[in-house]
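Here's the structure we're looking at; comments come further down.
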Amino acid sequence: MNARSRSSSALFVLVLACASCRQFGFDDRPIPMDRDVVTMSNGVRYQELFVGSGPAAVRGDELLLDYVVTLPDETRVDSTVDRGTPVRMEVGHALVPGLDDALVSMRPGGCRRICVPAALAYGEEGVEDLVPPNS
């Protein structure tokens, strides 16, 4: 494990992912930020919900993150929050290619809403009994 280890959050395919989002303050709750949606050249979109602090993630970094995966109609498909166990993921080796692009530049404690186009998610095949084709 030679990559820097960080606690972060991510969101994908209209996925909300928050892992240890924190801000200093009396109520120890994150402060929501009104940020624009960023659209990357490959069609991946993300919106910062909480910026976090510390060094931004780069390819090769190992992140500890929670995620919630939803379909475009907001049907919940998978969630580390529900399981109570965050996952470790190396940026550049995510199960869903579009997720890698959206994880780059996240900061520890940050939270993003990420939307990954079907071609960069599960594509035409989908995931049987979980993610329909082209979702």
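Residues in the structure tokens are numbered from 1 in each chain, the chains being A, B, ... in the order shown, and ligands are numbered from 1 in the order shown.
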
Q: Using DSSP on the backbone coordinates, identify the residues of stretch 57-121 of chain A assigned to strand (DSSP E); present them as number ranges by chain.
A: A: 62-66, 68-70, 76-79, 87-90, 111-115

(Q) Quick one: residues within 8 Å of A:Leu120, only C-alpha atoms, excluding same-chain residues fewer than 3 positions away - as a count of residues only? (A) 6

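If you look at atom CA of A:Leu65 and atom CA of A:Met89, they are 7.6 Å away from each other.
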
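When only C-alpha atoms are used to measure the gap to A:Asp129, the shortest distance among A:Gly60, A:Thr70, A:Gly52, A:Val77 belongs to A:Val77.
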
**Q.** Residues of stretch 49-110 of chain A in alpha helix (DSSP H), written as JSON, numbers by chain
**A.** {"A": [80, 81, 82, 83, 97, 98, 99, 100, 101, 102, 103]}

Residue selection dump (all heavy atoms) as a JSON list (two decimals), in the first residue's frame:
```json
[["chain", "number", "residue", "atom", "x", "y", "z"],
["A", 80, "THR", "N", -22.94, 1.40, 0.65],
["A", 80, "THR", "CA", -22.05, 1.02, 1.75],
["A", 80, "THR", "C", -22.58, 1.57, 3.06],
["A", 80, "THR", "O", -22.31, 1.02, 4.11],
["A", 80, "THR", "CB", -20.62, 1.56, 1.53],
["A", 80, "THR", "OG1", -20.66, 2.98, 1.43],
["A", 80, "THR", "CG2", -19.98, 0.96, 0.29],
["A", 81, "VAL", "N", -23.35, 2.64, 2.98],
["A", 81, "VAL", "CA", -23.95, 3.22, 4.18],
["A", 81, "VAL", "C", -24.91, 2.21, 4.81],
["A", 81, "VAL", "O", -24.90, 2.00, 6.01],
["A", 81, "VAL", "CB", -24.67, 4.55, 3.85],
["A", 81, "VAL", "CG1", -25.38, 5.10, 5.07],
["A", 81, "VAL", "CG2", -23.68, 5.57, 3.28],
["A", 82, "ASP", "N", -25.72, 1.56, 3.97],
["A", 82, "ASP", "CA", -26.66, 0.54, 4.46],
["A", 82, "ASP", "C", -25.91, -0.65, 5.08],
["A", 82, "ASP", "O", -26.36, -1.23, 6.06],
["A", 82, "ASP", "CB", -27.56, 0.02, 3.34],
["A", 82, "ASP", "CG", -28.51, 1.08, 2.82],
["A", 82, "ASP", "OD1", -28.68, 2.12, 3.49],
["A", 82, "ASP", "OD2", -29.08, 0.87, 1.73],
["A", 83, "ARG", "N", -24.79, -1.02, 4.48],
["A", 83, "ARG", "CA", -24.00, -2.15, 4.99],
["A", 83, "ARG", "C", -23.16, -1.76, 6.21],
["A", 83, "ARG", "O", -22.68, -2.61, 6.93],
["A", 83, "ARG", "CB", -23.08, -2.69, 3.89],
["A", 83, "ARG", "CG", -23.83, -3.41, 2.80],
["A", 83, "ARG", "CD", -22.91, -4.17, 1.87],
["A", 83, "ARG", "NE", -21.93, -3.36, 1.20],
["A", 83, "ARG", "CZ", -22.13, -2.73, 0.04],
["A", 83, "ARG", "NH1", -23.29, -2.83, -0.57],
["A", 83, "ARG", "NH2", -21.17, -2.01, -0.51],
["A", 97, "PRO", "N", -15.58, 2.69, -14.71],
["A", 97, "PRO", "CA", -14.56, 3.61, -15.21],
["A", 97, "PRO", "C", -14.88, 5.09, -15.01],
["A", 97, "PRO", "O", -14.00, 5.88, -14.67],
["A", 97, "PRO", "CB", -14.48, 3.27, -16.70],
["A", 97, "PRO", "CG", -15.02, 1.90, -16.82],
["A", 97, "PRO", "CD", -16.02, 1.74, -15.73],
["A", 98, "GLY", "N", -16.11, 5.48, -15.21],
["A", 98, "GLY", "CA", -16.46, 6.90, -15.06],
["A", 98, "GLY", "C", -16.28, 7.41, -13.65],
["A", 98, "GLY", "O", -16.10, 8.60, -13.42],
["A", 99, "LEU", "N", -16.33, 6.52, -12.68],
["A", 99, "LEU", "CA", -16.16, 6.92, -11.29],
["A", 99, "LEU", "C", -14.75, 7.42, -11.03],
["A", 99, "LEU", "O", -14.54, 8.38, -10.30],
["A", 99, "LEU", "CB", -16.50, 5.77, -10.36],
["A", 99, "LEU", "CG", -16.44, 6.05, -8.87],
["A", 99, "LEU", "CD1", -17.34, 7.22, -8.50],
["A", 99, "LEU", "CD2", -16.84, 4.81, -8.09],
["A", 100, "ASP", "N", -13.77, 6.79, -11.65],
["A", 100, "ASP", "CA", -12.37, 7.22, -11.48],
["A", 100, "ASP", "C", -12.20, 8.70, -11.79],
["A", 100, "ASP", "O", -11.56, 9.43, -11.06],
["A", 100, "ASP", "CB", -11.43, 6.41, -12.38],
["A", 100, "ASP", "CG", -11.12, 5.05, -11.80],
["A", 100, "ASP", "OD1", -10.98, 4.94, -10.57],
["A", 100, "ASP", "OD2", -11.01, 4.10, -12.59],
["A", 101, "ASP", "N", -12.78, 9.13, -12.91],
["A", 101, "ASP", "CA", -12.63, 10.52, -13.32],
["A", 101, "ASP", "C", -13.22, 11.48, -12.29],
["A", 101, "ASP", "O", -12.68, 12.55, -12.05],
["A", 101, "ASP", "CB", -13.29, 10.75, -14.68],
["A", 101, "ASP", "CG", -12.65, 9.92, -15.77],
["A", 101, "ASP", "OD1", -11.42, 9.71, -15.71],
["A", 101, "ASP", "OD2", -13.36, 9.48, -16.68],
["A", 102, "ALA", "N", -14.33, 11.10, -11.69],
["A", 102, "ALA", "CA", -14.99, 11.97, -10.72],
["A", 102, "ALA", "C", -14.32, 11.96, -9.35],
["A", 102, "ALA", "O", -14.52, 12.87, -8.56],
["A", 102, "ALA", "CB", -16.46, 11.59, -10.60],
["A", 103, "LEU", "N", -13.53, 10.92, -9.06],
["A", 103, "LEU", "CA", -12.84, 10.86, -7.77],
["A", 103, "LEU", "C", -11.58, 11.74, -7.76],
["A", 103, "LEU", "O", -11.18, 12.23, -6.70],
["A", 103, "LEU", "CB", -12.45, 9.43, -7.44],
["A", 103, "LEU", "CG", -13.60, 8.49, -7.12],
["A", 103, "LEU", "CD1", -13.09, 7.07, -6.94],
["A", 103, "LEU", "CD2", -14.35, 8.95, -5.88]]
```

Q) If you measure from atom CA of A:Cys111 to atom CA of A:Val37, what distance in Å do you get, rounded to one decimal? A) 13.2 Å

Q: Would you mind listing what lies within 10 Å of A:Thr39 as a list in words, with only C-alpha atoms counted and same-chain residues fewer than 6 positions away left out?
A: Arg45, Tyr46, Gln47, Ala102, Ile114 and Cys115 of chain A

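Comparing the minimum interatomic distances between A:Ala94 and each of A:Arg107, A:Arg59, A:Arg113, A:Arg76, counting only C-alpha atoms, we find that A:Arg59 sits nearest.
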
Q. So which one's closest to A:Ala57, A:Thr85, A:Asp36, A:Thr75, A:Met106? Using only C-alpha atoms, please.
A. A:Met106

Q. Could you name the residues that touch A:Val131 at 9 Å or less, counting only C-alpha atoms, but leaving out those on the same chain fewer than 5 positions away, as an MDAnalysis selection string?
A. chainID A and resid 71 77 122 125:126

How would the residues just picked look written out with all heavy atoms as an mmCIF file, in the first residue's frame?
```cif
data_model
loop_
_atom_site.group_PDB
_atom_site.id
_atom_site.type_symbol
_atom_site.label_atom_id
_atom_site.label_comp_id
_atom_site.auth_asym_id
_atom_site.auth_seq_id
_atom_site.Cartn_x
_atom_site.Cartn_y
_atom_site.Cartn_z
ATOM 1 N N LEU A 71 -30.409 4.706 -9.421
ATOM 2 C CA LEU A 71 -30.698 4.801 -10.846
ATOM 3 C C LEU A 71 -31.239 6.200 -11.134
ATOM 4 O O LEU A 71 -31.579 6.933 -10.195
ATOM 5 C CB LEU A 71 -31.722 3.733 -11.237
ATOM 6 C CG LEU A 71 -31.273 2.288 -11.025
ATOM 7 C CD1 LEU A 71 -32.424 1.335 -11.324
ATOM 8 C CD2 LEU A 71 -30.054 1.970 -11.863
ATOM 9 N N VAL A 77 -29.858 1.215 -5.473
ATOM 10 C CA VAL A 77 -29.342 -0.048 -5.968
ATOM 11 C C VAL A 77 -28.337 -0.673 -5.007
ATOM 12 O O VAL A 77 -28.336 -1.870 -4.781
ATOM 13 C CB VAL A 77 -28.689 0.161 -7.356
ATOM 14 C CG1 VAL A 77 -27.996 -1.085 -7.834
ATOM 15 C CG2 VAL A 77 -29.713 0.624 -8.365
ATOM 16 N N TYR A 122 -22.250 0.574 -16.380
ATOM 17 C CA TYR A 122 -22.461 -0.849 -16.648
ATOM 18 C C TYR A 122 -22.892 -1.128 -18.082
ATOM 19 O O TYR A 122 -23.157 -2.267 -18.442
ATOM 20 C CB TYR A 122 -23.461 -1.424 -15.644
ATOM 21 C CG TYR A 122 -22.953 -1.341 -14.233
ATOM 22 C CD1 TYR A 122 -23.454 -0.405 -13.348
ATOM 23 C CD2 TYR A 122 -21.945 -2.192 -13.804
ATOM 24 C CE1 TYR A 122 -22.969 -0.327 -12.050
ATOM 25 C CE2 TYR A 122 -21.454 -2.112 -12.513
ATOM 26 C CZ TYR A 122 -21.969 -1.176 -11.645
ATOM 27 O OH TYR A 122 -21.491 -1.095 -10.366
ATOM 28 N N GLU A 125 -25.053 -4.033 -20.979
ATOM 29 C CA GLU A 125 -25.346 -5.259 -20.234
ATOM 30 C C GLU A 125 -26.042 -4.997 -18.915
ATOM 31 O O GLU A 125 -26.842 -5.795 -18.455
ATOM 32 C CB GLU A 125 -24.056 -6.039 -19.996
ATOM 33 C CG GLU A 125 -23.414 -6.501 -21.281
ATOM 34 C CD GLU A 125 -22.066 -7.145 -21.052
ATOM 35 O OE1 GLU A 125 -21.743 -7.469 -19.889
ATOM 36 O OE2 GLU A 125 -21.348 -7.314 -22.033
ATOM 37 N N GLY A 126 -25.721 -3.887 -18.255
ATOM 38 C CA GLY A 126 -26.260 -3.632 -16.931
ATOM 39 C C GLY A 126 -25.762 -4.672 -15.944
ATOM 40 O O GLY A 126 -24.739 -5.320 -16.166
#
```
